[in-house]
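Single-structure report; data block below.
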Amino acid sequence: MKNIFTLLFLILSAATFAQQTISGKVTDEKGRPVTGANVFIEGTYDGDSSDEQGNFSFQTTVTGKQNLVVTFLTFETYNQEIVVEDFKNRTVKLKESVNTLDAVVITAGTFESGDKARTSVLKPLDIVTTAGAAGDIVGALLTLPGAQTVGEDGRLFVRGGEADETQTYVDGLRVSQPYGATTNNLPTRGRFSPFLFSGIAFSTGGYSAEYGEALSSVLLLNTIEDPDQEKTEISLMTVGLGLGNTQKWEKSSLSVNASYANLAPYQAAVPQAVDWNRAYQSISGELVYRYHFNNGTLKTYMAFDAADFDLNQEDINRPEKIRVDVRNNNFYMNSSYKGYFGSNYQLTTGISYGYSQNKIGIALDDVKNAEHATHMKIKIGKNITERIKLTAGADYFTTKFDEDYAQNAGSTFSSGYDNNIAAAYAETNVFFSKRFAAKAGFRFSYTDLLQESNLSPRFSLGYKVSDNGQLSFAYGDFVQSPRQEYLKYSNQFESEKTAHYILNYEYSKTGRIFRAEAYFKQYRDLVKYDTQTVQFDSQFNNNGKGFAKGIDLYWRDNTTFKNLEYWFSYSYIDTERDFKNYPKEVTPSFVADHSFSVVTKYWINSLRSQIGLTHSFNSGRPYNNPNETSFMNGKTKSYNNLSLSWAYLVSQQKILYFSVSNVLGTDNVFGYQYANNPDASGQFQRRSIGQPADRFIFVGFFWTISDNKKDNQLKNL
């Protein structure tokens with residue numbers, strides 16, 4: 001028995017003797033102590049927590065080389081191999097984590113919205129609650145700085161660029177025909193209902209190497225990841241009807257909506273400046289199907305619409321109006337997958353297809369055209385470390401366009417083109433700290449129609465100057481194939497090109513955001529032609545050039561005043577271009593030097609109502625007056641539009657909505673059409689190009705049917 005006790009004593013003595021003490025101090029990168037950090041030897045229970053001075057000390061029985069781990073919220077995990085016997089009174093410096101909510105985010109050139117956006121300057125519901133937007137995505141974006149109101153067109157013009165210079169993407173896949181059917185000087189609308197989209201990124205420049213074929217801007221629309229519940233939505237409106245339904249299952253969901261629009265009853269009640277033979281009417285629908293796998297999500301989006309109208313348009317060069325009859329059929333679909341594979345690689349892939357067909361009668365002539373467009377995409381990302389992320393991908397775009405023009409005299413002209421573009425890109429995000437980050441990449445593309453290759457570098461920086469403020473800088477080169485109306489007559493072109501330089505400051509605090517951004521764009525290789533309009537015998541070249549520079553300001557406040565949210569935006573732009581058939585470099589006709597918008601929304605509890613008000617102002621736009629010797633020397637009067645909306649909650653799930661655009665009936669003029677030849681007195685006569693009506697009045701009733709009896713469409717109005 002005595003021998004047993006002796007043996008136990010020797011074992012305990014040896015164990016005690018074998019214990020080693022590990023000690024030190026935990027600080028941040030500036031040497032300040034970190035209190036409460038967990039310090040331990042990996043694979044053991046040996047450890048300690050740092051005290052108020054950051055000190056720690058504990059004993060361990062392990063020896064030799066071991067991994068010491070130190071963890072604390074908002075800091076990166078420290079995992080370092082040490083020699084246990086030598087680790088005494090050492091200092092461990094922790095790096096701030098770059099994945100915290102207050103880490104720097106590069107914001108130069110980009111406005112984001114949605115629940116996942118770090119800072120939302122425009123929420124998804126703003127699309128349909130902004131007075132004057134009339135539920136149009138582009139209409140709401142026009143209240144942001146950088147966007148230009150071109151009332152006779154209706155598309156998105158950004159920072160001195162034409163509408164063709166903005167590309168639209170749904171779930172990362174390009175939409176080649178994003179706007180509805182229209183004709184000269186009649187504004188169009190975007191094809192997409194905002195009800196199926198949860199987030200929007202509107203980039204006014206300097207965007208990622210992931211996106212190409214856009215000289216000025218990209219608009220990214222993301223469909224809802226997963227609906228919150230099953231529901232049915234019914235809409236009765238002065239311009240048509242709408243019906244939507246959402247179904248949910250364990251791993252999948254389906255949302256559909258359909259609408260019918262017919263402006264004939266409305267136009268019979270409200271006088272129009274347009275001579276309609278057949279008012280605009282359309283039938284359209286959208287679908288989003290989602291399926292959640294263990295490691296990713298598959299989404300399929302489909303949209304179709306069929307529209308037609310018939311009108312008589314004035315022409316200063318003809319004594320009689322010209323009849324224009326338009327019938328358009330459009331279909332778009334995409335299927336995308338986002339998920340993970342292997343050692344935490346991020347995969348994004350998909351394919352889209354778009355088809356648009358137009359049958360147009362112009363007086364006694366007929367035009368028929370059709371466009372088929374596809375986009376195939378793959379992108380792979382990998383977080384190399386917590387601070388470095390690499391992304392690489394490839395795109396393949398195809399476009400096939402054919403057009404037949406039949407004159408009443410019997411002559412027929414055919415034109416068209418096939419264009420295929422292959423592109424590859426790589427980009428890295430580096431967080432030097434949670435205050436300082438950089439993104440660098442490039443995009444390579446080859447266009448087979450032009451037989452041309454282009455390499456486009458992209459670079460951006462972000463630095464937090466305070467807890468709520470940060471600076472961002474972005475630079476990028478961008479290329480784009482010439483527009484459809486040029487390529488259908490010739491392929492002897494180069495890609496048009498531009499370079500962007502952007503400096504941004506953003507201040508963001510709960511419920512408030514302020515942005516100030518200065519930019520400079522340099523254009524080169526713009527298309528020019530030698531005829532009055534683009535036609536089959538035009539002589540083209542790429543000798544055009546230009547620049548755009550300016551300042552954009554934005555302020556939004558949701559908290560200062562109870563039940564009131566509002567925002568202001570202001571843009572100043574100085575731009576000139578020598579392109580198209582311009583004889584020299586001047587400010588183009590679609591640009592206003594100064595643009596200003598104020599948007600307010602106020603909830604009145606006693607009336608169960610939300611009142612919205614939007615005022616938009618643009619300074620005059622230039623136009624060419626052939627009665628003067630100087631080119632593009634005229635300027636229209638300034639543009640003013642005051643719009644009002646009212647949403648009344650009849651019951652929890654029933655809403656009555658009323659809105660009026662241009663309440664004051666301001667006679668806005670967008671430009672002038674001049675006669676091709678002077679009259680007997682030597683003067684060129686003109687006619688003004690204005691609004692199709694003084695005001696647009698909308699009334700709708702919206703009813704939601706859901707299990708919780710509380711959900712309604714107020715967020716959609």
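Every chain in the structure tokens has a letter given in the order shown (A, B, ...), and although residue numbers restart at 1 in each chain, ligands are simply numbered from 1 in the order shown.
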Inset, instruction - Find the spatial neighbours of range 356-358 of chain A, counting only C-alpha atoms, within a cut-off of 9 Å - ignore same-chain residues fewer than 3 positions away - and output them as a list in words. - result: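 Once the adjacent positions are removed, what remains is Gln177, Ala181, Val326, Arg327, Asn328, Asn329, Asn330, Phe331, Tyr332, Val367, Lys368, Asn369, Ala370, Glu371, His372 and Ala373 of chain A.
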Taking N, CA, C and O atoms for each residue, export the selection above as an mmCIF file, in the first residue's frame.
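Contents of again-v4.cif, as written:
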```cif
data_model
loop_
_atom_site.group_PDB
_atom_site.id
_atom_site.type_symbol
_atom_site.label_atom_id
_atom_site.label_comp_id
_atom_site.auth_asym_id
_atom_site.auth_seq_id
_atom_site.Cartn_x
_atom_site.Cartn_y
_atom_site.Cartn_z
ATOM 1 N N GLN A 177 -34.009 44.413 -73.977
ATOM 2 C CA GLN A 177 -35.158 45.261 -74.350
ATOM 3 C C GLN A 177 -35.919 45.663 -73.077
ATOM 4 O O GLN A 177 -37.000 45.148 -72.790
ATOM 5 N N ALA A 181 -43.046 49.567 -75.768
ATOM 6 C CA ALA A 181 -43.190 50.085 -77.130
ATOM 7 C C ALA A 181 -43.526 51.572 -77.101
ATOM 8 O O ALA A 181 -44.274 52.047 -76.250
ATOM 9 N N VAL A 326 -48.322 50.943 -84.202
ATOM 10 C CA VAL A 326 -47.270 50.118 -83.606
ATOM 11 C C VAL A 326 -47.881 48.921 -82.898
ATOM 12 O O VAL A 326 -48.825 49.053 -82.113
ATOM 13 N N ARG A 327 -47.315 47.736 -83.186
ATOM 14 C CA ARG A 327 -47.676 46.504 -82.480
ATOM 15 C C ARG A 327 -46.378 45.836 -82.050
ATOM 16 O O ARG A 327 -45.503 45.574 -82.878
ATOM 17 N N ASN A 328 -46.266 45.588 -80.736
ATOM 18 C CA ASN A 328 -45.029 45.040 -80.184
ATOM 19 C C ASN A 328 -45.322 43.812 -79.336
ATOM 20 O O ASN A 328 -46.256 43.800 -78.534
ATOM 21 N N ASN A 329 -44.514 42.771 -79.525
ATOM 22 C CA ASN A 329 -44.548 41.581 -78.677
ATOM 23 C C ASN A 329 -43.161 41.388 -78.077
ATOM 24 O O ASN A 329 -42.158 41.449 -78.797
ATOM 25 N N ASN A 330 -43.135 41.168 -76.773
ATOM 26 C CA ASN A 330 -41.851 41.037 -76.096
ATOM 27 C C ASN A 330 -41.883 39.889 -75.107
ATOM 28 O O ASN A 330 -42.883 39.695 -74.394
ATOM 29 N N PHE A 331 -40.777 39.146 -75.049
ATOM 30 C CA PHE A 331 -40.646 38.047 -74.092
ATOM 31 C C PHE A 331 -39.235 38.057 -73.527
ATOM 32 O O PHE A 331 -38.259 38.247 -74.266
ATOM 33 N N TYR A 332 -39.134 37.874 -72.218
ATOM 34 C CA TYR A 332 -37.822 37.794 -71.572
ATOM 35 C C TYR A 332 -37.866 36.727 -70.493
ATOM 36 O O TYR A 332 -38.853 36.602 -69.754
ATOM 37 N N VAL A 367 -42.828 48.625 -91.551
ATOM 38 C CA VAL A 367 -41.542 48.196 -91.014
ATOM 39 C C VAL A 367 -41.791 47.006 -90.097
ATOM 40 O O VAL A 367 -42.665 47.055 -89.227
ATOM 41 N N LYS A 368 -41.012 45.949 -90.308
ATOM 42 C CA LYS A 368 -41.067 44.782 -89.426
ATOM 43 C C LYS A 368 -39.653 44.471 -88.965
ATOM 44 O O LYS A 368 -38.733 44.403 -89.786
ATOM 45 N N ASN A 369 -39.477 44.307 -87.667
ATOM 46 C CA ASN A 369 -38.160 43.906 -87.181
ATOM 47 C C ASN A 369 -38.295 42.962 -85.999
ATOM 48 O O ASN A 369 -39.354 42.872 -85.360
ATOM 49 N N ALA A 370 -37.223 42.246 -85.742
ATOM 50 C CA ALA A 370 -37.194 41.288 -84.634
ATOM 51 C C ALA A 370 -35.775 41.204 -84.099
ATOM 52 O O ALA A 370 -34.805 41.238 -84.865
ATOM 53 N N GLU A 371 -35.667 41.110 -82.777
ATOM 54 C CA GLU A 371 -34.362 40.966 -82.136
ATOM 55 C C GLU A 371 -34.377 39.759 -81.210
ATOM 56 O O GLU A 371 -35.299 39.588 -80.403
ATOM 57 N N HIS A 372 -33.359 38.918 -81.329
ATOM 58 C CA HIS A 372 -33.125 37.800 -80.419
ATOM 59 C C HIS A 372 -31.827 38.097 -79.679
ATOM 60 O O HIS A 372 -30.796 38.364 -80.319
ATOM 61 N N ALA A 373 -31.844 38.027 -78.357
ATOM 62 C CA ALA A 373 -30.642 38.332 -77.582
ATOM 63 C C ALA A 373 -30.488 37.337 -76.441
ATOM 64 O O ALA A 373 -31.473 37.000 -75.764
#
```
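Each of A:Ile283, A:Leu607, A:Ile697, A:Met632 was checked against Ser651 in chain A using only C-alpha atoms; the smallest atom-to-atom distance is that of A:Leu607.
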Can you tell me which residues surround range 455-458 of chain A at a distance of at most 7 Å, considering only C-alpha atoms, apart from same-chain residues fewer than 5 positions away, and format the answer as a PDB file with C-alpha atoms, in the first residue's frame?
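Contents of result_29.pdb, freshly written:
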```pdb
ATOM      1  CA  SER A 208     -17.514  46.587 -61.252  1.00  0.00           C
ATOM      2  CA  ALA A 209     -15.571  44.684 -63.927  1.00  0.00           C
ATOM      3  CA  ALA A 440      -9.123  46.323 -58.491  1.00  0.00           C
ATOM      4  CA  GLY A 441      -9.871  44.353 -61.630  1.00  0.00           C
ATOM      5  CA  PHE A 442     -10.065  44.257 -65.390  1.00  0.00           C
ATOM      6  CA  ARG A 443     -12.452  43.165 -68.117  1.00  0.00           C
ATOM      7  CA  PHE A 444     -11.407  41.741 -71.469  1.00  0.00           C
ATOM      8  CA  SER A 445     -13.901  41.521 -74.335  1.00  0.00           C
ATOM      9  CA  TYR A 475     -11.824  54.841 -61.905  1.00  0.00           C
ATOM     10  CA  GLY A 476     -12.758  52.684 -64.879  1.00  0.00           C
ATOM     11  CA  ASP A 477     -12.574  52.297 -68.644  1.00  0.00           C
ATOM     12  CA  PHE A 478     -15.769  51.211 -70.409  1.00  0.00           C
TER      13      PHE A 478
END
```
Inset, instruction - Quick one: everything within 8 Å of range 163-169 of chain A, counting only C-alpha atoms, minus sequence neighbours fewer than 3 positions away in the same chain. Send it as JSON, numbers by chain. - result: {"A": [155, 156, 157, 158, 172, 173, 174, 175, 176, 178, 213, 214, 215, 216, 217, 218, 219, 220, 221, 480, 483]}
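Counting from CA of Lys562 in chain A, the distance to CA of Ile604 in chain A is 10.1 Å.
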Inset, instruction - Taking the DSSP assignment computed from this structure's backbone, write out as a list in words all residues of range 141-331 of chain A that belong to helix (DSSP H, G or I). - result: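 Helix (DSSP H, G or I) members of range 141-331 of chain A, listed: Leu141, Ala163, Asp164, Glu165, Pro194, Phe195, Leu196, Ala264, Pro265, Tyr266, Gln267, Ala268 and Ala269 of chain A.
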Go ahead and save the residues from that selection, with all heavy atoms, as an mmCIF file, in the first residue's frame.
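Writing done, so here's part22.cif:
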```cif
data_model
loop_
_atom_site.group_PDB
_atom_site.id
_atom_site.type_symbol
_atom_site.label_atom_id
_atom_site.label_comp_id
_atom_site.auth_asym_id
_atom_site.auth_seq_id
_atom_site.Cartn_x
_atom_site.Cartn_y
_atom_site.Cartn_z
ATOM 1 N N LEU A 141 -36.251 56.656 -60.156
ATOM 2 C CA LEU A 141 -34.814 56.919 -60.238
ATOM 3 C C LEU A 141 -34.525 58.340 -60.719
ATOM 4 O O LEU A 141 -33.455 58.889 -60.435
ATOM 5 C CB LEU A 141 -34.139 55.915 -61.178
ATOM 6 C CG LEU A 141 -34.128 54.457 -60.705
ATOM 7 C CD1 LEU A 141 -33.500 53.569 -61.767
ATOM 8 C CD2 LEU A 141 -33.384 54.314 -59.385
ATOM 9 N N ALA A 163 -29.653 57.187 -73.402
ATOM 10 C CA ALA A 163 -30.328 56.072 -72.743
ATOM 11 C C ALA A 163 -29.706 54.731 -73.117
ATOM 12 O O ALA A 163 -29.692 53.799 -72.311
ATOM 13 C CB ALA A 163 -31.815 56.088 -73.088
ATOM 14 N N ASP A 164 -29.170 54.613 -74.351
ATOM 15 C CA ASP A 164 -28.546 53.356 -74.768
ATOM 16 C C ASP A 164 -27.300 53.035 -73.962
ATOM 17 O O ASP A 164 -26.817 51.897 -73.983
ATOM 18 C CB ASP A 164 -28.167 53.436 -76.252
ATOM 19 C CG ASP A 164 -29.328 53.853 -77.129
ATOM 20 O OD1 ASP A 164 -29.567 55.071 -77.222
ATOM 21 O OD2 ASP A 164 -29.999 52.978 -77.687
ATOM 22 N N GLU A 165 -26.748 54.015 -73.259
ATOM 23 C CA GLU A 165 -25.525 53.802 -72.497
ATOM 24 C C GLU A 165 -25.786 53.211 -71.116
ATOM 25 O O GLU A 165 -24.852 52.989 -70.348
ATOM 26 C CB GLU A 165 -24.762 55.122 -72.361
ATOM 27 C CG GLU A 165 -24.295 55.694 -73.688
ATOM 28 C CD GLU A 165 -23.604 57.041 -73.547
ATOM 29 O OE1 GLU A 165 -23.150 57.357 -72.430
ATOM 30 O OE2 GLU A 165 -23.525 57.775 -74.546
ATOM 31 N N PRO A 194 -42.465 46.709 -60.226
ATOM 32 C CA PRO A 194 -41.581 46.740 -59.054
ATOM 33 C C PRO A 194 -41.980 45.754 -57.964
ATOM 34 O O PRO A 194 -41.210 45.513 -57.040
ATOM 35 C CB PRO A 194 -41.715 48.184 -58.554
ATOM 36 C CG PRO A 194 -43.059 48.617 -59.023
ATOM 37 C CD PRO A 194 -43.280 47.925 -60.339
ATOM 38 N N PHE A 195 -43.164 45.135 -58.062
ATOM 39 C CA PHE A 195 -43.672 44.309 -56.970
ATOM 40 C C PHE A 195 -42.863 43.032 -56.742
ATOM 41 O O PHE A 195 -42.907 42.458 -55.664
ATOM 42 C CB PHE A 195 -45.141 43.930 -57.226
ATOM 43 C CG PHE A 195 -46.046 45.115 -57.407
ATOM 44 C CD1 PHE A 195 -47.177 45.030 -58.196
ATOM 45 C CD2 PHE A 195 -45.766 46.320 -56.790
ATOM 46 C CE1 PHE A 195 -48.015 46.127 -58.366
ATOM 47 C CE2 PHE A 195 -46.591 47.427 -56.954
ATOM 48 C CZ PHE A 195 -47.724 47.323 -57.741
ATOM 49 N N LEU A 196 -42.140 42.565 -57.760
ATOM 50 C CA LEU A 196 -41.405 41.305 -57.637
ATOM 51 C C LEU A 196 -39.937 41.511 -57.285
ATOM 52 O O LEU A 196 -39.198 40.538 -57.173
ATOM 53 C CB LEU A 196 -41.503 40.502 -58.942
ATOM 54 C CG LEU A 196 -42.906 40.040 -59.344
ATOM 55 C CD1 LEU A 196 -42.860 39.277 -60.663
ATOM 56 C CD2 LEU A 196 -43.520 39.157 -58.263
ATOM 57 N N ALA A 264 -57.963 53.899 -73.364
ATOM 58 C CA ALA A 264 -59.070 54.512 -74.105
ATOM 59 C C ALA A 264 -60.099 55.183 -73.190
ATOM 60 O O ALA A 264 -60.479 56.342 -73.424
ATOM 61 C CB ALA A 264 -59.737 53.473 -75.004
ATOM 62 N N PRO A 265 -60.600 54.517 -72.129
ATOM 63 C CA PRO A 265 -61.577 55.197 -71.260
ATOM 64 C C PRO A 265 -60.991 56.445 -70.603
ATOM 65 O O PRO A 265 -61.660 57.473 -70.509
ATOM 66 C CB PRO A 265 -61.932 54.123 -70.219
ATOM 67 C CG PRO A 265 -61.594 52.828 -70.885
ATOM 68 C CD PRO A 265 -60.397 53.111 -71.739
ATOM 69 N N TYR A 266 -59.734 56.350 -70.166
ATOM 70 C CA TYR A 266 -59.097 57.498 -69.519
ATOM 71 C C TYR A 266 -58.940 58.667 -70.493
ATOM 72 O O TYR A 266 -59.244 59.816 -70.168
ATOM 73 C CB TYR A 266 -57.735 57.083 -68.967
ATOM 74 C CG TYR A 266 -56.925 58.242 -68.426
ATOM 75 C CD1 TYR A 266 -57.167 58.734 -67.150
ATOM 76 C CD2 TYR A 266 -55.946 58.850 -69.200
ATOM 77 C CE1 TYR A 266 -56.436 59.809 -66.647
ATOM 78 C CE2 TYR A 266 -55.221 59.933 -68.714
ATOM 79 C CZ TYR A 266 -55.471 60.403 -67.432
ATOM 80 O OH TYR A 266 -54.757 61.476 -66.950
ATOM 81 N N GLN A 267 -58.501 58.375 -71.710
ATOM 82 C CA GLN A 267 -58.263 59.440 -72.683
ATOM 83 C C GLN A 267 -59.562 60.055 -73.200
ATOM 84 O O GLN A 267 -59.577 61.193 -73.669
ATOM 85 C CB GLN A 267 -57.415 58.901 -73.832
ATOM 86 C CG GLN A 267 -55.991 58.586 -73.405
ATOM 87 C CD GLN A 267 -55.185 57.880 -74.473
ATOM 88 O OE1 GLN A 267 -55.699 57.560 -75.543
ATOM 89 N NE2 GLN A 267 -53.922 57.623 -74.184
ATOM 90 N N ALA A 268 -60.643 59.297 -73.093
ATOM 91 C CA ALA A 268 -61.941 59.870 -73.458
ATOM 92 C C ALA A 268 -62.396 60.886 -72.419
ATOM 93 O O ALA A 268 -63.113 61.837 -72.735
ATOM 94 C CB ALA A 268 -62.979 58.751 -73.593
ATOM 95 N N ALA A 269 -61.957 60.703 -71.161
ATOM 96 C CA ALA A 269 -62.376 61.597 -70.080
ATOM 97 C C ALA A 269 -61.417 62.767 -69.889
ATOM 98 O O ALA A 269 -61.837 63.850 -69.475
ATOM 99 C CB ALA A 269 -62.487 60.805 -68.774
#
```
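Non-sequential neighbours of range 27-43 of chain A (distance at most 8 Å, separation of 6 or more positions within a chain, only C-alpha atoms) are A:Ser49, A:Ser50, A:Asp51, A:Glu52, A:Gln53, A:Gly54, A:Phe56, A:Gln66, A:Asn67, A:Leu68, A:Val69, A:Val70, A:Thr71, A:Phe72, A:Thr91, A:Val92, A:Lys93, A:Leu94, A:Lys95, A:Glu96.
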Based on the selection just made, write N, CA and C atoms of those residues as a CSV table (one decimal), in the first residue's frame.
```csv
chain,number,residue,atom,x,y,z
A,49,SER,N,-9.4,34.6,-19.8
A,49,SER,CA,-10.0,35.8,-20.5
A,49,SER,C,-9.2,37.0,-20.0
A,50,SER,N,-9.0,37.9,-20.9
A,50,SER,CA,-8.1,39.1,-20.6
A,50,SER,C,-8.9,40.0,-19.7
A,51,ASP,N,-8.1,40.7,-18.7
A,51,ASP,CA,-8.8,41.5,-17.7
A,51,ASP,C,-8.9,43.0,-18.3
A,52,GLU,N,-9.2,43.9,-17.4
A,52,GLU,CA,-9.5,45.3,-17.9
A,52,GLU,C,-8.2,45.9,-18.5
A,53,GLN,N,-7.0,45.5,-18.1
A,53,GLN,CA,-5.8,46.0,-18.7
A,53,GLN,C,-5.4,45.1,-19.9
A,54,GLY,N,-6.2,44.1,-20.3
A,54,GLY,CA,-5.9,43.3,-21.4
A,54,GLY,C,-5.0,42.1,-21.0
A,56,PHE,N,-3.6,38.5,-19.5
A,56,PHE,CA,-4.1,37.1,-19.3
A,56,PHE,C,-2.9,36.3,-18.8
A,66,GLN,N,2.5,24.7,-30.3
A,66,GLN,CA,1.0,24.6,-30.2
A,66,GLN,C,0.4,25.9,-30.8
A,67,ASN,N,-0.9,25.8,-31.2
A,67,ASN,CA,-1.6,27.0,-31.7
A,67,ASN,C,-2.3,27.8,-30.6
A,68,LEU,N,-1.9,29.0,-30.5
A,68,LEU,CA,-2.6,29.9,-29.5
A,68,LEU,C,-3.7,30.7,-30.3
A,69,VAL,N,-4.9,30.6,-29.7
A,69,VAL,CA,-6.1,31.2,-30.3
A,69,VAL,C,-6.6,32.4,-29.4
A,70,VAL,N,-6.9,33.5,-30.0
A,70,VAL,CA,-7.5,34.7,-29.3
A,70,VAL,C,-8.7,35.2,-30.1
A,71,THR,N,-9.8,35.2,-29.4
A,71,THR,CA,-11.1,35.7,-30.1
A,71,THR,C,-11.7,36.8,-29.3
A,72,PHE,N,-12.4,37.7,-30.1
A,72,PHE,CA,-13.2,38.7,-29.5
A,72,PHE,C,-14.0,39.3,-30.5
A,91,THR,N,2.8,40.2,-26.2
A,91,THR,CA,1.7,41.1,-26.6
A,91,THR,C,1.0,40.5,-27.8
A,92,VAL,N,-0.3,40.3,-27.8
A,92,VAL,CA,-1.0,39.9,-28.9
A,92,VAL,C,-1.9,41.0,-29.4
A,93,LYS,N,-1.6,41.4,-30.7
A,93,LYS,CA,-2.4,42.5,-31.3
A,93,LYS,C,-3.5,42.0,-32.2
A,94,LEU,N,-4.7,42.4,-31.9
A,94,LEU,CA,-5.8,41.9,-32.7
A,94,LEU,C,-6.2,43.0,-33.8
A,95,LYS,N,-6.5,42.5,-35.0
A,95,LYS,CA,-6.9,43.3,-36.1
A,95,LYS,C,-8.4,43.4,-36.1
A,96,GLU,N,-8.9,44.6,-36.3
A,96,GLU,CA,-10.4,44.8,-36.4
A,96,GLU,C,-11.0,44.0,-37.5
```
